[in-house]
file work04.cif (mmCIF, C-alpha atoms)
data_my_file
loop_
_atom_site.label_atom_id
_atom_site.label_comp_id
_atom_site.auth_asym_id
_atom_site.auth_seq_id
_atom_site.Cartn_x
_atom_site.Cartn_y
_atom_site.Cartn_z
CA MET A 1 43.81 23.79 36.26
CA SER A 2 46.26 21.53 34.42
CA GLU A 3 45.69 17.79 34.28
CA LYS A 4 48.65 17.04 36.56
CA THR A 5 47.49 19.64 39.08
CA ARG A 6 43.96 18.25 39.03
CA LEU A 7 45.21 14.69 39.60
CA VAL A 8 47.28 15.77 42.60
CA TRP A 9 44.33 17.78 43.92
CA GLU A 10 41.98 14.77 43.55
CA PHE A 11 44.47 12.49 45.29
CA GLY A 12 44.88 15.06 48.09
CA ARG A 13 41.11 15.18 48.52
CA PHE A 14 41.01 11.39 48.74
CA ILE A 15 43.73 11.46 51.44
CA ASP A 16 41.85 14.21 53.35
CA ASP A 17 38.70 12.07 53.39
CA LEU A 18 40.46 9.15 55.08
CA THR A 19 39.96 8.79 58.83
CA ASP A 20 43.60 7.85 59.53
CA LEU A 21 46.27 10.50 59.99
CA ILE A 22 48.37 10.87 56.86
CA TYR A 23 50.95 13.63 56.54
CA TRP A 24 50.71 15.42 53.17
CA ARG A 25 53.45 17.89 52.30
CA GLN A 26 54.06 19.64 48.99
CA GLY A 27 56.94 21.58 47.52
CA ARG A 28 57.10 23.34 44.18
CA CYS A 29 60.19 23.63 42.02
CA LEU A 30 60.72 27.15 40.75
CA PRO A 31 61.78 27.99 37.17
CA TYR A 32 64.35 30.63 38.12
CA GLY A 33 65.80 32.59 40.99
CA GLU A 34 68.61 32.59 43.48
CA GLY A 35 68.86 29.82 46.05
CA ILE A 36 66.17 27.61 44.50
CA THR A 37 68.10 24.34 44.19
CA PHE A 38 66.33 22.78 47.17
CA TRP A 39 63.36 25.17 47.36
CA ALA A 40 60.75 22.41 47.02
CA LEU A 41 62.44 20.35 49.73
CA GLY A 42 62.56 23.39 51.98
CA GLU A 43 58.82 23.95 51.50
CA ILE A 44 58.13 20.37 52.54
CA VAL A 45 60.31 20.62 55.66
CA LYS A 46 58.81 24.02 56.57
CA ALA A 47 55.29 22.63 56.28
CA GLN A 48 56.16 19.66 58.49
CA ALA A 49 57.67 22.01 61.09
CA GLY A 50 54.83 24.54 60.88
CA ILE A 51 57.15 27.28 59.65
CA ILE A 52 55.53 30.11 57.70
CA GLU A 53 57.21 32.71 55.50
CA SER A 54 56.68 35.52 58.01
CA ASP A 55 58.55 33.66 60.79
CA GLU A 56 61.80 35.28 61.90
CA PRO A 57 64.90 33.02 61.69
CA GLY A 58 64.85 32.44 65.47
CA GLU A 59 61.20 31.43 65.44
CA ALA A 60 61.83 29.14 62.44
CA ALA A 61 64.73 27.55 64.34
CA GLU A 62 62.51 26.89 67.37
CA LYS A 63 59.79 25.32 65.24
CA LEU A 64 62.35 23.18 63.46
CA GLN A 65 63.82 22.10 66.81
CA ARG A 66 60.37 20.97 68.01
CA ALA A 67 59.62 19.13 64.77
CA VAL A 68 62.94 17.30 64.88
CA ALA A 69 62.67 16.52 68.61
CA ASN A 70 59.23 14.99 67.98
CA VAL A 71 60.69 12.35 65.67
CA ALA A 72 64.36 11.89 66.58
CA SER A 73 65.43 8.86 68.57
CA SER A 74 68.00 10.77 70.65
CA PRO A 75 69.13 14.33 71.41
CA GLN A 76 72.26 13.69 69.34
CA GLU A 77 70.22 12.63 66.33
CA ALA A 78 67.97 15.67 66.80
CA GLU A 79 70.98 18.01 66.71
CA TRP A 80 72.41 16.25 63.65
CA LEU A 81 69.08 16.55 61.82
CA LYS A 82 68.49 20.15 62.85
CA ALA A 83 71.93 21.25 61.67
CA ARG A 84 71.28 19.80 58.20
CA LEU A 85 67.64 20.87 57.89
CA ALA A 86 68.18 24.45 59.13
CA PRO A 87 69.58 25.79 55.83
CA LEU A 88 66.47 24.52 54.02
CA VAL A 89 64.13 26.53 56.23
CA GLY A 90 66.21 29.68 56.54
CA SER A 91 67.11 29.28 60.19
CA ALA A 92 70.84 28.64 59.80
CA ARG A 93 73.05 31.58 60.62
CA GLY A 94 75.08 32.21 57.50
CA GLY A 95 74.40 28.69 56.29
CA ALA A 96 73.17 27.48 52.97
CA ALA A 97 72.22 24.14 51.54
CA PRO A 98 75.35 22.30 50.38
CA SER A 99 76.45 23.05 46.84
CA GLU A 100 77.70 20.67 44.20
CA ALA A 101 81.24 21.71 45.18
CA ASP A 102 80.74 20.46 48.72
CA ALA A 103 80.26 16.74 48.00
CA ALA A 104 80.91 15.53 51.56
CA GLY A 105 78.51 18.08 53.04
CA ARG A 106 75.92 17.24 50.41
CA GLU A 107 76.11 13.51 51.16
CA GLU A 108 75.72 14.18 54.88
CA SER A 109 72.74 16.47 54.22
CA VAL A 110 71.06 13.98 51.88
CA ALA A 111 71.44 11.29 54.57
CA ALA A 112 69.88 13.61 57.17
CA TRP A 113 67.02 14.70 54.89
CA THR A 114 66.24 11.06 54.07
CA ARG A 115 66.38 10.13 57.75
CA PHE A 116 64.01 12.97 58.67
CA PHE A 117 61.48 11.79 56.07
CA GLU A 118 61.79 8.21 57.34
CA LEU A 119 61.25 9.32 60.94
CA VAL A 120 58.15 11.34 60.03
CA ALA A 121 56.79 8.40 58.04
CA ALA A 122 57.42 6.07 60.97
CA ARG A 123 54.89 8.12 62.99
CA ALA A 124 52.18 8.15 60.30
CA PRO A 125 52.01 7.54 56.55
CA PHE A 126 53.79 10.37 54.75
CA VAL A 127 53.06 11.67 51.26
CA VAL A 128 55.59 14.11 49.82
CA VAL A 129 54.74 15.87 46.59
CA PHE A 130 57.40 17.49 44.42
CA GLU A 131 55.59 19.64 41.89
CA ASP A 132 56.96 20.92 38.58
CA LEU A 133 59.99 18.65 38.71
CA HIS A 134 60.80 19.64 35.11
CA TRP A 135 62.25 22.87 36.61
CA ALA A 136 64.25 21.06 39.30
CA ASP A 137 67.98 21.44 39.64
CA PRO A 138 69.92 18.19 39.03
CA ALA A 139 70.84 18.15 42.75
CA LEU A 140 67.15 17.98 43.75
CA ILE A 141 66.45 15.32 41.11
CA SER A 142 69.32 13.32 42.61
CA PHE A 143 67.88 13.71 46.11
CA VAL A 144 64.41 12.56 45.04
CA GLU A 145 65.89 9.50 43.35
CA HIS A 146 67.97 8.79 46.46
CA LEU A 147 64.91 9.15 48.70
CA VAL A 148 62.88 6.71 46.61
CA ASP A 149 65.71 4.19 46.46
CA TRP A 150 66.88 4.38 50.08
CA ALA A 151 63.93 5.21 52.37
CA THR A 152 62.74 1.80 53.47
CA GLY A 153 60.49 0.14 55.98
CA VAL A 154 58.16 3.12 56.38
CA PRO A 155 54.92 4.20 54.67
CA LEU A 156 56.39 6.94 52.46
CA LEU A 157 54.94 7.89 49.08
CA VAL A 158 56.92 10.23 46.86
CA LEU A 159 54.69 11.81 44.22
CA CYS A 160 56.25 13.95 41.50
CA THR A 161 54.66 16.03 38.78
CA GLY A 162 56.36 17.43 35.74
CA ARG A 163 56.00 18.27 32.10
CA PRO A 164 57.56 16.14 29.35
CA GLU A 165 60.59 18.46 29.43
CA LEU A 166 61.65 16.54 32.55
CA TYR A 167 62.61 13.59 30.33
CA GLU A 168 64.42 15.89 27.91
CA ARG A 169 66.54 17.39 30.71
CA HIS A 170 66.92 14.10 32.64
CA PRO A 171 66.49 11.21 30.17
CA GLY A 172 67.08 8.57 32.84
CA TRP A 173 64.52 10.00 35.28
CA GLY A 174 62.68 7.23 37.10
CA VAL A 175 64.51 4.44 35.29
CA GLY A 176 65.42 1.70 37.70
CA SER A 177 63.90 3.41 40.72
CA ALA A 178 62.64 1.00 43.30
CA THR A 179 58.91 0.74 43.84
CA ARG A 180 57.90 -0.06 47.36
#
call {"tool": "encode", "arguments": {"input": "work04.cif", "output": "structure tokens"}}
result
Amino acid sequence: MSEKTRLVWEFGRFIDDLTDLIYWRQGRCLPYGEGITFWALGEIVKAQAGIIESDEPGEAAEKLQRAVANVASSPQEAEWLKARLAPLVGSARGGAAPSEADAAGREESVAAWTRFFELVAARAPFVVVFEDLHWADPALISFVEHLVDWATGVPLLVLCTGRPELYERHPGWGVGSATR
């Protein structure tokens, strides 16, 4: 077990031993493959919704609908969130997470993803772990930085692990990020 993995494991054990409810969700960045830009984010959303890999798209959509309805402040917000989270969990028909070419769609999705995390954290403290961030696509790095800078007023901890290569690929990583 690597040092970074052991530290996350120890922290997770500490959280598990607490009597209060704390949501703990992890996503791992993959080194290669198709459609992996937001893989880690998708794993986190799937875990929060109770979606497992063997779920059919319809079943994943139902689970996502329930998870979103549990936190959304209105049916309209729930639909907005679901539409932007669905591509992450594989329940969107023909949909995919927004690409770099689709800047407007990406901004809307980032706003929805951030809002979903804030809503979950408003119910109970929320720890999100992005593992192996050194393999992350620049779009995911940008989202994590956005989340840290913009999610406010809720007990949300964003924990990231990565090898030193992260700083080689993204020299400004973590510089100027807000600490709350």
call {"tool": "closest_residue", "arguments": {"input": "work04.cif", "among": "A:Ala112, A:Glu34, A:Ser91, A:Ala122", "to": "Glu62 in chain A", "atoms": "only C-alpha atoms"}}
result
A:Ser91
call {"tool": "resolve_selection", "arguments": {"input": "work04.cif", "expression": "the PyMOL selection byres ((chain A and resi 25) around 9)", "output": "list in words"}}
result
Tyr23, Trp24, Gln26, Gly27, Glu43, Ile44, Val45, Ala47, Gln48, Phe126, Val127, Val128, Val129 and Phe130 of chain A
call {"tool": "atom_distance", "arguments": {"input": "work04.cif", "atom1": "CA of Ala151 in chain A", "atom2": "CA of Thr114 in chain A"}}
result
6.5 Å
call {"tool": "residues_around", "arguments": {"input": "work04.cif", "residues": "range 67-84 of chain A", "least_positions_apart": "4", "cutoff": "6 Å", "atoms": "all atoms listed in the file", "output": "list in words"}}
result
Ala49, Ser109, Ala112 and Leu119 of chain A
call {"tool": "residues_around", "arguments": {"input": "work04.cif", "residues": "Arg13 in chain A", "least_positions_apart": "5", "cutoff": "12 Å", "atoms": "only C-alpha atoms", "output": "number ranges by chain"}}
result
A: 6-8, 18, 22, 24
call {"tool": "closest_residue", "arguments": {"input": "work04.cif", "among": "A:Lys4, A:Lys63, A:Arg115, A:His134", "to": "Glu165 in chain A", "atoms": "only C-alpha atoms"}}
result
A:His134
call {"tool": "closest_residue", "arguments": {"input": "work04.cif", "among": "A:Pro31, A:Gly12, A:Gly153, A:Pro138", "to": "Phe117 in chain A", "atoms": "only C-alpha atoms"}}
result
A:Gly153
call {"tool": "atom_distance", "arguments": {"input": "work04.cif", "atom1": "CA of Phe38 in chain A", "atom2": "CA of Asp132 in chain A"}}
result
12.8 Å
call {"tool": "atom_distance", "arguments": {"input": "work04.cif", "atom1": "CA of Val89 in chain A", "atom2": "CA of Arg123 in chain A"}}
result
21.7 Å
call {"tool": "residues_around", "arguments": {"input": "work04.cif", "residues": "Ile36 in chain A", "least_positions_apart": "2", "cutoff": "12 Å", "atoms": "only C-alpha atoms", "output": "ChimeraX atom specification"}}
result
/A:27-34,38-43,87-89,96-97,99,135-140
call {"tool": "resolve_selection", "arguments": {"input": "work04.cif", "expression": "the PyMOL selection byres ((chain A and resi 147) around 10)", "output": "PyMOL selection string"}}
result
chain A and resi 110-111+113-115+117-118+141-146+148-152+156+158+177
call {"tool": "closest_residue", "arguments": {"input": "work04.cif", "among": "A:Glu53, A:Gly58, A:Ser2, A:Leu64", "to": "Arg163 in chain A", "atoms": "all atoms listed in the file"}}
result
A:Ser2
call {"tool": "residues_near_point", "arguments": {"input": "work04.cif", "point": "(55.7, 15.0, 38.0)", "cutoff": "6 Å", "atoms": "all atoms listed in the file", "output": "PyMOL selection string"}}
result
chain A and resi 133+160-162
call {"tool": "closest_residue", "arguments": {"input": "work04.cif", "among": "A:Arg66, A:Glu59, A:Arg106, A:Gly174", "to": "Leu159 in chain A", "atoms": "all atoms listed in the file"}}
result
A:Gly174
call {"tool": "closest_residue", "arguments": {"input": "work04.cif", "among": "A:Met1, A:Glu56, A:Pro125, A:Glu131", "to": "Ile15 in chain A", "atoms": "only C-alpha atoms"}}
result
A:Pro125
call {"tool": "build_atoms", "arguments": {"input": "work04.cif", "residues": "range 27-48 of chain A", "atoms": "N, CA and C atoms", "output": "tab-separated table (two decimals), in the frame of the given file"}}
result
chain	number	residue	atom	x	y	z
A	27	GLY	N	55.94	20.58	47.85
A	27	GLY	CA	56.94	21.58	47.52
A	27	GLY	C	56.96	21.78	46.02
A	28	ARG	N	57.12	23.01	45.61
A	28	ARG	CA	57.10	23.34	44.18
A	28	ARG	C	58.49	23.78	43.73
A	29	CYS	N	58.94	23.20	42.62
A	29	CYS	CA	60.19	23.63	42.02
A	29	CYS	C	59.94	24.92	41.26
A	30	LEU	N	60.86	25.85	41.39
A	30	LEU	CA	60.72	27.15	40.75
A	30	LEU	C	61.55	27.20	39.47
A	31	PRO	N	61.07	27.96	38.45
A	31	PRO	CA	61.78	27.99	37.17
A	31	PRO	C	63.06	28.82	37.19
A	32	TYR	N	63.17	29.79	38.08
A	32	TYR	CA	64.35	30.63	38.12
A	32	TYR	C	64.44	31.32	39.48
A	33	GLY	N	65.59	31.87	39.74
A	33	GLY	CA	65.80	32.59	40.99
A	33	GLY	C	67.06	32.13	41.69
A	34	GLU	N	67.43	32.89	42.70
A	34	GLU	CA	68.61	32.59	43.48
A	34	GLU	C	68.24	31.68	44.64
A	35	GLY	N	69.08	30.70	44.91
A	35	GLY	CA	68.86	29.82	46.05
A	35	GLY	C	67.67	28.89	45.92
A	36	ILE	N	67.38	28.45	44.70
A	36	ILE	CA	66.17	27.61	44.50
A	36	ILE	C	66.48	26.13	44.33
A	37	THR	N	67.73	25.74	44.42
A	37	THR	CA	68.10	24.34	44.19
A	37	THR	C	67.24	23.38	45.01
A	38	PHE	N	67.10	23.66	46.30
A	38	PHE	CA	66.33	22.78	47.17
A	38	PHE	C	65.07	23.46	47.70
A	39	TRP	N	64.54	24.41	46.94
A	39	TRP	CA	63.36	25.17	47.36
A	39	TRP	C	62.19	24.25	47.70
A	40	ALA	N	61.89	23.32	46.80
A	40	ALA	CA	60.75	22.41	47.02
A	40	ALA	C	60.94	21.59	48.29
A	41	LEU	N	62.14	21.11	48.52
A	41	LEU	CA	62.44	20.35	49.73
A	41	LEU	C	62.27	21.22	50.96
A	42	GLY	N	62.73	22.45	50.88
A	42	GLY	CA	62.56	23.39	51.98
A	42	GLY	C	61.10	23.64	52.30
A	43	GLU	N	60.26	23.76	51.27
A	43	GLU	CA	58.82	23.95	51.50
A	43	GLU	C	58.22	22.77	52.24
A	44	ILE	N	58.65	21.58	51.89
A	44	ILE	CA	58.13	20.37	52.54
A	44	ILE	C	58.56	20.34	54.01
A	45	VAL	N	59.81	20.62	54.28
A	45	VAL	CA	60.31	20.62	55.66
A	45	VAL	C	59.63	21.73	56.47
A	46	LYS	N	59.49	22.91	55.88
A	46	LYS	CA	58.81	24.02	56.57
A	46	LYS	C	57.39	23.63	56.94
A	47	ALA	N	56.68	23.02	56.00
A	47	ALA	CA	55.29	22.63	56.28
A	47	ALA	C	55.24	21.62	57.42
A	48	GLN	N	56.15	20.67	57.43
A	48	GLN	CA	56.16	19.66	58.49
A	48	GLN	C	56.46	20.30	59.85
